[in-house]
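Participant: Here you go, this is final-v2.cif (mmCIF, C-alpha atoms).
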```cif
data_model
#
loop_
_atom_site.label_atom_id
_atom_site.label_comp_id
_atom_site.auth_asym_id
_atom_site.auth_seq_id
_atom_site.Cartn_x
_atom_site.Cartn_y
_atom_site.Cartn_z
CA MET A 22 104.19 212.45 110.28
CA ALA A 23 101.39 214.28 112.07
CA LYS A 24 97.99 212.68 112.21
CA LYS A 25 95.81 213.88 109.33
CA ILE A 26 92.30 215.07 110.09
CA ARG A 27 89.75 212.95 108.22
CA VAL A 28 86.16 214.14 107.86
CA LEU A 29 83.18 212.51 106.19
CA ILE A 30 80.78 214.88 104.43
CA ALA A 31 77.45 213.26 103.60
CA LYS A 32 73.95 214.16 102.61
CA PRO A 33 71.30 212.07 104.36
CA GLY A 34 67.77 212.15 103.06
CA LEU A 35 66.21 212.73 99.72
CA ASP A 36 66.86 216.35 98.70
CA GLY A 37 69.29 216.88 95.84
CA HIS A 38 70.82 220.16 96.98
CA ASP A 39 74.49 219.35 97.41
CA ARG A 40 76.10 222.71 96.73
CA GLY A 41 76.48 223.55 100.42
CA ALA A 42 78.02 220.17 101.18
CA LYS A 43 80.48 220.61 98.34
CA VAL A 44 81.48 224.10 99.48
CA ILE A 45 82.18 222.74 102.97
CA ALA A 46 84.10 219.76 101.54
CA ARG A 47 86.25 222.10 99.48
CA ALA A 48 86.93 224.43 102.44
CA LEU A 49 88.04 221.53 104.63
CA ARG A 50 90.22 220.18 101.82
CA ASP A 51 91.84 223.60 101.44
CA ALA A 52 92.48 223.60 105.20
CA GLY A 53 94.62 220.48 104.69
CA MET A 54 92.09 217.84 105.75
CA GLU A 55 91.24 214.59 103.99
CA VAL A 56 87.56 214.82 103.13
CA ILE A 57 85.62 211.71 102.22
CA TYR A 58 82.64 212.83 100.20
CA THR A 59 79.89 210.26 99.86
CA GLY A 60 77.31 212.23 97.95
CA LEU A 61 73.53 212.35 97.85
CA ARG A 62 70.73 210.26 99.30
CA GLN A 63 72.57 208.42 102.01
CA THR A 64 70.82 206.51 104.76
CA PRO A 65 72.13 206.97 108.31
CA ARG A 66 73.35 203.36 108.09
CA ASP A 67 75.35 204.12 104.90
CA ILE A 68 76.90 207.12 106.62
CA VAL A 69 77.85 205.37 109.85
CA GLU A 70 79.28 202.36 108.01
CA ALA A 71 81.39 204.64 105.78
CA ALA A 72 82.57 206.69 108.78
CA ILE A 73 83.79 203.54 110.55
CA GLN A 74 85.51 202.06 107.49
CA GLU A 75 87.19 205.38 106.73
CA ASP A 76 88.21 205.96 110.37
CA VAL A 77 87.13 209.60 110.33
CA ASP A 78 87.41 212.02 113.23
CA ALA A 79 84.13 213.72 112.44
CA ILE A 80 81.04 213.65 110.25
CA GLY A 81 79.42 216.68 108.63
CA LEU A 82 75.79 216.14 107.63
CA SER A 83 73.93 218.40 105.24
CA CYS A 84 70.17 218.29 104.94
CA LEU A 85 67.81 220.69 103.22
CA SER A 86 64.73 218.50 103.08
CA GLY A 87 63.45 219.23 106.58
CA ALA A 88 64.05 215.68 107.76
CA HIS A 89 67.03 216.64 109.95
CA MET A 90 65.18 215.94 113.23
CA THR A 91 64.92 212.28 112.23
CA LEU A 92 68.12 211.77 110.24
CA PHE A 93 70.77 213.59 112.30
CA PRO A 94 69.92 211.93 115.67
CA GLU A 95 69.69 208.55 113.91
CA VAL A 96 73.34 208.89 112.83
CA VAL A 97 74.40 209.63 116.42
CA LYS A 98 72.33 206.70 117.70
CA LEU A 99 73.86 204.24 115.22
CA LEU A 100 77.39 205.45 116.04
CA ARG A 101 76.67 204.74 119.73
CA GLN A 102 75.34 201.29 118.87
CA LYS A 103 78.55 200.53 117.00
CA GLY A 104 80.66 201.83 119.87
CA ALA A 105 82.01 204.57 117.63
CA ASP A 106 80.60 207.57 119.47
CA GLU A 107 84.01 209.24 119.68
CA ILE A 108 83.28 210.35 116.11
CA VAL A 109 81.96 213.91 116.35
CA VAL A 110 78.80 214.77 114.39
CA ALA A 111 77.88 218.23 113.10
CA GLY A 112 75.01 219.27 110.87
CA GLY A 113 74.10 222.01 108.48
CA GLY A 114 71.40 223.12 106.10
CA ILE A 115 68.05 224.82 106.48
CA ILE A 116 67.39 224.18 110.14
CA PRO A 117 64.86 226.20 112.15
CA GLU A 118 66.26 228.00 115.21
CA ASP A 119 63.93 226.03 117.54
CA ASP A 120 65.35 222.70 116.41
CA ILE A 121 68.96 223.53 117.26
CA PRO A 122 68.76 222.91 121.05
CA LYS A 123 66.93 219.64 120.42
CA LEU A 124 69.57 218.49 117.94
CA LYS A 125 72.34 219.39 120.38
CA LYS A 126 70.57 217.44 123.09
CA ALA A 127 70.47 214.49 120.72
CA GLY A 128 74.26 214.61 120.41
CA ILE A 129 74.83 216.83 117.36
CA LYS A 130 77.83 218.89 118.48
CA ALA A 131 77.25 221.89 116.21
CA VAL A 132 74.63 223.15 113.79
CA PHE A 133 75.61 225.47 110.95
CA GLY A 134 72.92 227.43 109.15
CA PRO A 135 73.00 229.73 106.11
CA GLY A 136 75.52 232.57 106.45
CA THR A 137 78.00 230.51 108.52
CA ARG A 138 81.59 231.59 107.91
CA LEU A 139 83.74 228.84 106.42
CA GLU A 140 86.56 229.56 108.90
CA ASP A 141 84.20 228.76 111.75
CA VAL A 142 83.39 225.39 110.18
CA VAL A 143 87.11 224.68 109.63
CA LYS A 144 87.88 225.63 113.25
CA PHE A 145 85.09 223.40 114.52
CA PHE A 146 86.43 220.34 112.69
CA GLU A 147 90.02 221.06 113.72
CA HIS A 148 88.85 221.25 117.32
CA ALA A 149 86.73 218.10 116.90
CA ALA A 150 89.83 216.22 115.77
CA GLY A 151 91.69 217.43 118.85
CA LYS A 152 93.98 219.91 117.11
CA MET B 146 98.16 192.77 120.21
CA GLN B 147 94.42 193.27 120.64
CA LEU B 148 93.94 195.30 117.46
CA VAL B 149 95.61 192.57 115.40
CA ASP B 150 93.47 189.83 116.97
CA ARG B 151 90.34 191.78 116.13
CA LEU B 152 91.55 192.36 112.57
CA LEU B 153 92.27 188.67 112.02
CA LYS B 154 88.64 187.99 112.99
CA GLY B 155 87.54 190.38 110.23
CA ASP B 156 86.71 193.44 112.39
CA LYS B 157 86.34 196.44 110.03
CA ARG B 158 86.89 199.00 112.75
CA ALA B 159 90.23 197.41 113.63
CA ALA B 160 91.17 197.44 109.94
CA ALA B 161 90.26 201.13 109.70
CA LYS B 162 92.34 202.04 112.76
CA ILE B 163 95.36 200.06 111.57
CA ILE B 164 95.28 201.61 108.09
CA SER B 165 95.19 205.09 109.66
CA MET B 166 98.21 204.20 111.81
CA ILE B 167 100.04 203.06 108.67
CA GLU B 168 99.12 206.27 106.84
CA ASP B 169 100.13 208.49 109.76
CA ARG B 170 103.35 206.48 110.24
CA ASP B 171 102.43 205.80 113.82
CA ALA B 172 105.22 204.27 115.91
CA GLN B 173 103.20 201.05 116.32
CA ALA B 174 102.37 200.64 112.64
CA GLN B 175 105.55 198.82 111.59
CA LYS B 176 105.19 196.30 114.39
CA ILE B 177 101.57 195.60 113.43
CA VAL B 178 102.39 195.14 109.75
CA SER B 179 105.18 192.73 110.71
CA LEU B 180 102.66 190.65 112.65
CA LEU B 181 100.30 190.65 109.65
CA HIS B 182 102.84 189.58 107.06
CA HIS B 183 102.41 185.87 107.91
CA HIS B 184 98.66 186.12 107.42
CA THR B 185 98.93 187.40 103.85
CA GLY B 186 99.54 185.81 100.49
CA ASN B 187 96.17 184.19 99.81
CA ALA B 188 94.14 187.00 98.28
CA HIS B 189 93.87 187.91 94.61
CA ILE B 190 95.04 191.53 94.28
CA ILE B 191 93.48 193.34 91.33
CA GLY B 192 94.60 196.81 90.26
CA LEU B 193 92.43 199.13 88.18
CA THR B 194 93.92 202.10 86.43
CA GLY B 195 93.00 204.45 83.61
CA PRO B 196 92.18 208.08 82.91
CA PRO B 197 89.97 210.18 85.24
CA GLY B 198 86.32 209.74 84.38
CA ALA B 199 86.70 206.35 82.67
CA GLY B 200 84.46 204.86 85.33
CA LYS B 201 86.94 202.99 87.52
CA SER B 202 84.97 203.46 90.75
CA THR B 203 81.66 202.49 89.17
CA LEU B 204 83.29 199.45 87.60
CA ILE B 205 84.79 198.37 90.93
CA SER B 206 81.40 198.77 92.55
CA ALA B 207 79.89 196.49 89.89
CA LEU B 208 82.73 193.97 90.26
CA VAL B 209 82.31 193.93 94.03
CA ARG B 210 78.63 193.07 93.57
CA GLU B 211 79.55 190.35 91.07
CA PHE B 212 82.17 188.73 93.31
CA ARG B 213 79.86 188.96 96.34
CA SER B 214 77.26 187.00 94.35
CA ARG B 215 80.00 184.40 93.82
CA GLY B 216 80.51 184.18 97.58
CA LYS B 217 83.83 186.07 97.78
CA ARG B 218 84.78 188.57 100.46
CA VAL B 219 85.98 191.78 98.85
CA GLY B 220 88.19 194.68 99.95
CA VAL B 221 88.73 197.93 98.08
CA ILE B 222 91.39 200.62 98.38
CA ALA B 223 90.58 203.68 96.30
CA VAL B 224 93.34 206.25 95.88
CA ASP B 225 92.78 209.93 95.08
CA PRO B 226 95.36 212.73 94.88
CA THR B 227 96.54 214.96 97.74
CA SER B 228 96.84 218.68 97.04
CA PRO B 229 100.52 219.60 96.65
CA PHE B 230 99.71 223.02 98.14
CA THR B 231 97.58 222.37 101.20
CA GLY B 232 98.09 218.67 101.92
CA GLY B 233 94.33 218.26 101.83
CA ALA B 234 92.38 215.87 99.64
CA LEU B 235 88.87 215.27 98.45
CA LEU B 236 88.26 211.55 98.35
CA GLY B 237 85.20 210.95 96.21
CA ASP B 238 85.41 207.38 94.97
CA ARG B 239 82.93 206.19 97.59
CA VAL B 240 80.15 208.16 95.91
CA ARG B 241 79.95 205.37 93.32
CA MET B 242 80.19 202.58 95.88
CA THR B 243 77.47 203.41 98.41
CA ASP B 244 75.28 200.36 97.91
CA VAL B 245 78.10 197.86 98.37
CA GLY B 246 79.68 199.72 101.30
CA VAL B 247 77.20 198.38 103.88
CA ASP B 248 77.63 194.72 102.87
CA ASP B 249 79.15 192.66 105.71
CA GLY B 250 81.61 190.97 103.35
CA VAL B 251 82.96 194.23 101.93
CA TYR B 252 85.45 196.77 103.27
CA ILE B 253 86.16 199.97 101.32
CA ARG B 254 88.85 202.49 102.20
CA SER B 255 89.58 205.81 100.50
CA MET B 256 93.21 206.85 100.57
CA ALA B 257 95.03 210.07 99.64
CA THR B 258 98.40 209.90 97.88
CA ARG B 259 100.05 212.20 100.48
CA GLY B 260 102.72 213.28 98.04
CA HIS B 261 103.56 209.87 96.62
CA VAL B 262 103.70 209.77 92.81
CA GLY B 263 103.07 206.76 90.60
CA GLY B 264 99.31 206.45 91.09
CA LEU B 265 99.24 204.92 94.58
CA ALA B 266 99.93 206.07 98.13
CA LEU B 267 102.97 204.78 100.02
CA ALA B 268 100.56 203.25 102.55
CA THR B 269 98.70 201.30 99.84
CA TYR B 270 101.12 198.35 99.99
CA ASP B 271 100.67 197.81 103.72
CA ALA B 272 96.95 198.58 103.57
CA VAL B 273 96.55 195.73 101.07
CA LYS B 274 98.16 193.45 103.67
CA VAL B 275 95.61 194.59 106.24
CA LEU B 276 92.78 193.64 103.89
CA GLU B 277 94.38 190.29 103.11
CA ALA B 278 94.87 189.55 106.81
CA MET B 279 91.22 190.34 107.58
CA GLY B 280 90.25 187.55 105.21
CA MET B 281 89.38 189.24 101.91
CA ASP B 282 89.47 186.91 98.88
CA LYS B 283 89.65 189.73 96.35
CA VAL B 284 91.38 193.05 96.99
CA PHE B 285 90.77 195.83 94.45
CA VAL B 286 93.15 198.76 94.25
CA GLU B 287 91.96 201.79 92.30
CA THR B 288 94.74 204.20 91.29
CA VAL B 289 94.34 207.94 90.96
CA GLY B 290 93.05 208.98 87.57
CA ALA B 291 96.12 208.04 85.60
CA GLY B 292 97.88 209.64 82.68
CA GLN B 293 100.56 207.78 80.81
CA SER B 294 103.13 206.67 83.32
CA GLU B 295 101.31 205.68 86.53
CA VAL B 296 102.51 202.10 86.21
CA GLU B 297 103.28 201.37 89.86
CA VAL B 298 100.05 199.43 90.36
CA ALA B 299 101.40 196.62 88.17
CA ASN B 300 104.05 195.90 90.84
CA LEU B 301 101.43 195.64 93.54
CA ALA B 302 98.62 193.80 91.77
CA HIS B 303 98.48 190.22 90.52
CA THR B 304 96.09 191.27 87.79
CA THR B 305 96.11 194.77 86.32
CA VAL B 306 93.00 196.06 84.55
CA ILE B 307 93.27 199.04 82.23
CA VAL B 308 89.98 200.91 82.06
CA GLU B 309 89.61 203.04 78.96
CA MET B 310 86.64 204.86 77.48
CA PRO B 311 85.55 205.61 73.94
CA GLY B 312 87.31 208.52 72.29
CA SER B 313 90.17 208.75 74.80
CA GLY B 314 92.90 208.44 72.22
CA ASP B 315 93.71 207.63 68.62
CA SER B 316 96.07 204.87 67.47
CA ILE B 317 99.17 207.01 68.14
CA GLN B 318 98.26 207.57 71.80
CA ILE B 319 97.81 203.84 72.13
CA LEU B 320 101.20 203.11 70.57
CA LYS B 321 103.00 205.13 73.24
CA ALA B 322 104.88 203.29 75.94
CA GLY B 323 103.73 203.25 79.53
CA ILE B 324 100.36 202.59 81.04
CA LEU B 325 98.87 200.79 78.06
CA GLU B 326 101.59 198.16 78.23
CA ILE B 327 100.96 197.00 81.78
CA GLY B 328 97.45 195.60 81.45
CA ASP B 329 96.59 191.95 81.87
CA VAL B 330 92.96 192.68 81.02
CA TYR B 331 91.60 195.69 79.15
CA THR B 332 88.10 197.06 79.12
CA VAL B 333 86.54 199.91 77.19
CA ASN B 334 83.98 201.17 79.68
CA LYS B 335 81.01 203.41 78.85
CA ALA B 336 80.70 201.22 75.78
CA ASP B 337 77.18 202.51 75.15
CA GLU B 338 78.73 205.80 74.03
CA GLY B 339 79.83 206.14 70.42
CA GLY B 340 83.32 205.11 69.39
CA ALA B 341 83.74 202.08 71.63
CA GLU B 342 84.36 199.70 68.73
CA SER B 343 87.19 201.74 67.24
CA MET B 344 88.78 202.00 70.68
CA VAL B 345 88.62 198.20 70.99
CA THR B 346 90.12 197.78 67.51
CA ASN B 347 92.92 200.25 68.26
CA LEU B 348 93.77 198.49 71.50
CA LYS B 349 93.71 195.06 69.93
CA SER B 350 96.00 196.20 67.15
CA VAL B 351 98.83 197.01 69.57
CA LEU B 352 98.39 194.31 72.20
CA PRO B 353 100.37 191.09 71.89
CA GLU B 354 98.43 187.98 70.91
CA ASP B 355 100.50 186.01 73.33
CA ARG B 356 102.45 187.34 76.28
CA GLU B 357 104.16 184.33 77.86
CA GLY B 358 101.07 182.19 77.55
CA TRP B 359 98.49 184.88 78.25
CA ALA B 360 96.65 186.89 75.61
CA PRO B 361 95.45 190.16 77.21
CA PRO B 362 91.74 190.33 76.37
CA VAL B 363 89.96 193.55 75.39
CA LEU B 364 86.38 193.70 76.69
CA THR B 365 83.59 196.23 76.68
CA THR B 366 81.59 197.18 79.76
CA VAL B 367 78.82 199.54 80.79
CA ALA B 368 79.60 199.55 84.50
CA SER B 369 76.59 201.67 85.50
CA GLU B 370 74.26 198.99 84.11
CA GLY B 371 76.43 196.01 84.99
CA LYS B 372 76.83 195.08 81.30
CA GLY B 373 79.89 192.99 80.56
CA VAL B 374 80.78 192.79 84.26
CA PRO B 375 80.30 189.01 84.72
CA GLU B 376 82.53 188.44 81.66
CA LEU B 377 85.15 190.80 83.10
CA ALA B 378 85.02 188.93 86.42
CA ASP B 379 85.51 185.64 84.53
CA ARG B 380 88.62 187.02 82.78
CA LEU B 381 90.04 188.17 86.14
CA GLU B 382 89.57 184.65 87.56
CA GLU B 383 91.14 183.14 84.43
CA HIS B 384 94.16 185.39 84.73
CA PHE B 385 94.63 184.43 88.37
CA SER B 386 94.51 180.70 87.50
CA TYR B 387 96.94 181.34 84.63
CA LEU B 388 99.35 183.00 87.10
CA LYS B 389 99.10 180.06 89.47
CA LYS B 390 99.48 177.35 86.81
CA SER B 391 102.34 179.01 84.93
CA GLY B 392 104.36 179.82 88.03
CA LYS B 393 104.08 183.53 87.22
CA LEU B 394 102.42 184.15 90.56
CA GLY B 395 105.70 183.42 92.30
CA GLU B 396 107.53 185.81 89.98
CA LYS B 397 104.99 188.56 90.68
CA GLU B 398 105.25 187.98 94.43
CA ARG B 399 109.02 188.24 94.17
CA ILE B 400 108.82 191.57 92.31
CA ARG B 401 106.38 192.97 94.85
CA SER B 402 108.41 191.70 97.79
CA GLU B 403 111.52 193.29 96.33
CA VAL B 404 109.81 196.67 95.93
CA GLU B 405 108.67 196.43 99.55
CA LEU B 406 112.09 195.35 100.77
CA ARG B 407 113.79 198.20 98.92
CA ASP B 408 111.36 200.76 100.34
CA ALA B 409 111.82 199.35 103.83
CA LEU B 410 115.59 199.34 103.39
CA THR B 411 115.66 202.98 102.27
CA GLU B 412 113.39 203.98 105.12
CA THR B 413 115.37 202.05 107.73
CA MET B 414 118.70 203.45 106.52
CA LEU B 415 117.36 206.99 106.52
CA GLU B 416 115.87 206.53 109.94
CA LYS B 417 119.10 205.10 111.30
CA LEU B 418 121.15 207.92 109.78
CA THR B 419 118.89 210.72 110.87
CA THR B 420 117.82 209.61 114.35
CA SER B 421 121.04 208.16 115.79
CA LYS B 422 123.12 210.17 118.23
CA GLY B 423 124.58 213.04 116.26
CA GLY B 424 123.20 211.48 113.09
CA LYS B 425 120.79 214.28 112.36
CA LYS B 426 123.55 216.87 112.61
CA LEU B 427 125.88 214.83 110.43
CA TYR B 428 123.12 214.46 107.84
CA GLU B 429 122.44 218.20 107.83
CA ASP B 430 126.18 218.96 107.54
CA VAL B 431 126.54 216.70 104.54
CA LEU B 432 123.40 218.17 103.00
CA ASP B 433 124.89 221.67 103.44
CA LYS B 434 128.03 220.54 101.61
CA VAL B 435 125.96 219.21 98.72
CA VAL B 436 124.08 222.51 98.53
CA SER B 437 127.33 224.51 98.47
CA ARG B 438 128.79 222.15 95.83
CA LYS B 439 131.57 220.93 98.14
CA LEU B 440 130.24 217.38 97.80
CA ASP B 441 128.23 215.63 95.12
CA PRO B 442 125.17 213.61 96.25
CA HIS B 443 126.70 210.21 95.42
CA THR B 444 129.92 210.78 97.39
CA ALA B 445 127.83 212.29 100.18
CA ALA B 446 125.63 209.19 100.36
CA ARG B 447 128.66 206.88 100.49
CA ARG B 448 130.21 208.93 103.27
CA LEU B 449 127.00 208.95 105.30
CA LEU B 450 126.75 205.18 105.03
CA SER B 451 130.37 204.63 106.00
CA GLY B 452 129.95 207.04 108.92
CA LYS B 453 132.87 209.20 107.80
CA THR B 454 132.20 212.78 106.80
CA GLY B 455 135.75 213.83 105.98
#
```
Please go through the file and, once you have read it, give me the structure as structure tokens.

Facilitator:
Amino acid sequence: MAKKIRVLIAKPGLDGHDRGAKVIARALRDAGMEVIYTGLRQTPRDIVEAAIQEDVDAIGLSCLSGAHMTLFPEVVKLLRQKGADEIVVAGGGIIPEDDIPKLKKAGIKAVFGPGTRLEDVVKFFEHAAGK
Amino acid sequence: MQLVDRLLKGDKRAAAKIISMIEDRDAQAQKIVSLLHHHTGNAHIIGLTGPPGAGKSTLISALVREFRSRGKRVGVIAVDPTSPFTGGALLGDRVRMTDVGVDDGVYIRSMATRGHVGGLALATYDAVKVLEAMGMDKVFVETVGAGQSEVEVANLAHTTVIVEMPGSGDSIQILKAGILEIGDVYTVNKADEGGAESMVTNLKSVLPEDREGWAPPVLTTVASEGKGVPELADRLEEHFSYLKKSGKLGEKERIRSEVELRDALTETMLEKLTTSKGGKKLYEDVLDKVVSRKLDPHTAARRLLSGKTG
């Protein structure tokens, strides 16, 4: 049996807007992936711990509260601390253009804003899992 | 093997990697599970099943908290369905378990059925062994949202909990054979909603007062508030002691071992038949004959096993 792609979709921070995260989760599911959805108001520690226990290939973070500059890099940092930095991290939400290079520098592999095509997100995660 | 050594010390990352290898049927997986077998047999395996939306995940989360406060290490395997069309799955049981997921003494794993019917995934059996070997005292297995016949969990678990909710069926639904027969402990969850009492009465009316020395209790819980959860945990402990004292534990282990042996036997035979030299071709030839009605499946199977195609 071929290795299944497993992706964790999580919402760090305190905003309650989870529609985007659910649309992404659904698209990845329909692309044949196993999507672990952990829901709203997750701390970076919750997310990293879940990612390790679930042995995911990648994490998709969604944040619309404006706290992405703190929360996204914190996830990458904790993964490194746990020696699990082979897990790829991507982010999405309302993210100002200027922040994107900074997030990438902090180890976020891709940033998806409004208007992103779902196929591009699917392709990114397939690539992240080495397929 | 390094991964196994790490697992036996309780390393969650090792557990996660091994379970993935089992799920993906990695070439190393069988060898690892063989090494683990001798380190299993001490944990209390508790299955939870019931209709979608009855609150199984929330109840497990509350039970994990309760058993942690009693000093137990707890593992959870939560199964959700795989899409028959795309092979994908949305595993959402963790949403209800966030707060317990970061506890050092807890390991939670979501698992997709990957085409297996019966309420569990094929990998669930071996994944339970992984959790036992890493030192968990209690291992919870949550089935997919079950209908009437997802009874497989009763073969795997020592104690099976049926989680119902108010208004999920009248007395006729409850009289039907299947899932409602397999419970060792019953709980009507979401008991703060109307209709819980009549559900309890209906359940009690069909359950035996004594099943070989054990009377399946019917409880009420409000998992989201933790109400009734300590009592439920007490009943689970009581059932486990009953199994040990009555010798039923040995019977249950035998049933489970037999299911595992049969699965392994089927798999090994199939593998032997389809991977040996010329075996694959022989298998396909016989399959063609069954399709074209030249052979019936039973005769075909006997011929494949005897190595003669005739």

Participant: For chain B versus chain A, which residues have an atom no more than 12 Å away, and what is each residue's nearest atom pair and distance in Å rounded to one decimal, using all atoms listed in the file, chain-then-number order, as a tab-separated table?

Facilitator:
```
residue	atom	partner	partner_atom	distance
B:Asp156	CA	A:Gln74	CA	10.0
B:Lys157	CA	A:Gln74	CA	6.2
B:Arg158	CA	A:Ile73	CA	5.9
B:Ala159	CA	A:Gln74	CA	9.0
B:Ala160	CA	A:Gln74	CA	7.7
B:Ala161	CA	A:Asp76	CA	5.3
B:Lys162	CA	A:Asp76	CA	6.2
B:Ile163	CA	A:Asp76	CA	9.3
B:Ile164	CA	A:Asp76	CA	8.6
B:Ser165	CA	A:Asp76	CA	7.1
B:Met166	CA	A:Lys24	CA	8.5
B:Ile167	CA	A:Met22	CA	10.4
B:Glu168	CA	A:Lys24	CA	8.4
B:Asp169	CA	A:Lys24	CA	5.3
B:Arg170	CA	A:Met22	CA	6.0
B:Asp171	CA	A:Met22	CA	7.7
B:Ala172	CA	A:Met22	CA	10.0
B:Gly220	CA	A:Gln74	CA	10.9
B:Val221	CA	A:Gln74	CA	10.8
B:Ile222	CA	A:Glu75	CA	10.5
B:Ala223	CA	A:Glu75	CA	11.1
B:Val224	CA	A:Ile57	CA	11.4
B:Asp225	CA	A:Glu55	CA	10.2
B:Pro226	CA	A:Glu55	CA	10.2
B:Thr227	CA	A:Glu55	CA	8.2
B:Ser228	CA	A:Gly53	CA	8.2
B:Pro229	CA	A:Gly53	CA	10.0
B:Phe230	CA	A:Asp51	CA	8.6
B:Thr231	CA	A:Gly53	CA	5.0
B:Gly232	CA	A:Gly53	CA	4.8
B:Gly233	CA	A:Gly53	CA	3.6
B:Ala234	CA	A:Glu55	CA	4.7
B:Leu235	CA	A:Val56	CA	4.9
B:Leu236	CA	A:Ile57	CA	4.7
B:Gly237	CA	A:Tyr58	CA	5.1
B:Asp238	CA	A:Thr59	CA	7.9
B:Arg239	CA	A:Thr59	CA	5.6
B:Val240	CA	A:Thr59	CA	4.5
B:Arg241	CA	A:Thr59	CA	8.2
B:Met242	CA	A:Thr59	CA	8.7
B:Thr243	CA	A:Asp67	CA	6.9
B:Asp244	CA	A:Asp67	CA	7.9
B:Val245	CA	A:Asp67	CA	9.5
B:Gly246	CA	A:Ala71	CA	6.9
B:Val247	CA	A:Glu70	CA	6.1
B:Asp248	CA	A:Glu70	CA	9.4
B:Asp249	CA	A:Glu70	CA	10.0
B:Val251	CA	A:Gln74	CA	9.9
B:Tyr252	CA	A:Gln74	CA	6.8
B:Ile253	CA	A:Gln74	CA	6.5
B:Arg254	CA	A:Glu75	CA	5.6
B:Ser255	CA	A:Glu75	CA	6.7
B:Met256	CA	A:Glu55	CA	8.7
B:Ala257	CA	A:Glu55	CA	7.3
B:Thr258	CA	A:Glu55	CA	10.5
B:Arg259	CA	A:Glu55	CA	9.8
B:Leu276	CA	A:Gln74	CA	11.7
```

Participant: If you apply the PyMOL selection byres ((chain A and resi 127) around 10) to this file, what residues do you get, as a PDB file with C-alpha atoms, keeping the file's coordinate frame?

Facilitator:
```pdb
ATOM      1  CA  MET A  90      65.180 215.940 113.230  1.00  0.00           C
ATOM      2  CA  PHE A  93      70.770 213.590 112.300  1.00  0.00           C
ATOM      3  CA  PRO A  94      69.920 211.930 115.670  1.00  0.00           C
ATOM      4  CA  GLU A  95      69.690 208.550 113.910  1.00  0.00           C
ATOM      5  CA  VAL A  97      74.400 209.630 116.420  1.00  0.00           C
ATOM      6  CA  LYS A  98      72.330 206.700 117.700  1.00  0.00           C
ATOM      7  CA  ILE A 121      68.960 223.530 117.260  1.00  0.00           C
ATOM      8  CA  PRO A 122      68.760 222.910 121.050  1.00  0.00           C
ATOM      9  CA  LYS A 123      66.930 219.640 120.420  1.00  0.00           C
ATOM     10  CA  LEU A 124      69.570 218.490 117.940  1.00  0.00           C
ATOM     11  CA  LYS A 125      72.340 219.390 120.380  1.00  0.00           C
ATOM     12  CA  LYS A 126      70.570 217.440 123.090  1.00  0.00           C
ATOM     13  CA  GLY A 128      74.260 214.610 120.410  1.00  0.00           C
ATOM     14  CA  ILE A 129      74.830 216.830 117.360  1.00  0.00           C
ATOM     15  CA  LYS A 130      77.830 218.890 118.480  1.00  0.00           C
TER      16      LYS A 130
END
```

Participant: Choose the residue, out of B:Thr346, B:Ser391, B:Gln173, B:Thr304, that has the smallest atom-to-atom separation from Asp329 in chain B; count only C-alpha atoms.

Facilitator: B:Thr304

Participant: Going by the chain IDs and residue numbers used in this file, which residues fall under the PyMOL selection byres ((chain A and resi 137-144) around 9)? Write them as a short mmCIF file (atom, residue, chain, number, x, y, z; two decimals) with C-alpha atoms, keeping the file's coordinate frame.

Facilitator:
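Printed below is part.cif as written:
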```cif
data_model
loop_
_atom_site.label_atom_id
_atom_site.label_comp_id
_atom_site.auth_asym_id
_atom_site.auth_seq_id
_atom_site.Cartn_x
_atom_site.Cartn_y
_atom_site.Cartn_z
CA VAL A 44 81.48 224.10 99.48
CA ILE A 45 82.18 222.74 102.97
CA ALA A 48 86.93 224.43 102.44
CA LEU A 49 88.04 221.53 104.63
CA ALA A 52 92.48 223.60 105.20
CA PHE A 133 75.61 225.47 110.95
CA GLY A 134 72.92 227.43 109.15
CA PRO A 135 73.00 229.73 106.11
CA GLY A 136 75.52 232.57 106.45
CA PHE A 145 85.09 223.40 114.52
CA PHE A 146 86.43 220.34 112.69
CA GLU A 147 90.02 221.06 113.72
CA HIS A 148 88.85 221.25 117.32
CA ALA A 149 86.73 218.10 116.90
#
```

Participant: Show me, as a list in words, the residues that have an atom within 8 Å of Gly250 in chain B when counting all atoms listed in the file, minus same-chain residues fewer than 3 positions from it.

Facilitator: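 The contact residues come out as Arg213, Lys217, Arg218 and Val219 of chain B.
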
Participant: How many Å lie between CA of Leu388 in chain B and CA of Gly186 in chain B, rounded to one decimal?

Facilitator: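 Distance reported for this atom pair: 13.7 Å.
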
Participant: So what does the PyMOL selection byres ((chain B and resi 149) around 8) actually pick up in this one, as a list in words?

Facilitator: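 Matching residues under the PyMOL selection byres ((chain B and resi 149) around 8) are Met146, Gln147, Leu148, Asp150, Arg151, Leu152, Leu153, Ala159, Ile177, Leu180 and Leu181 of chain B.
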
Participant: Rounded to one decimal, what separation in Å do you get between CA of His261 in chain B and CA of Val275 in chain B?

Facilitator: 19.7 Å
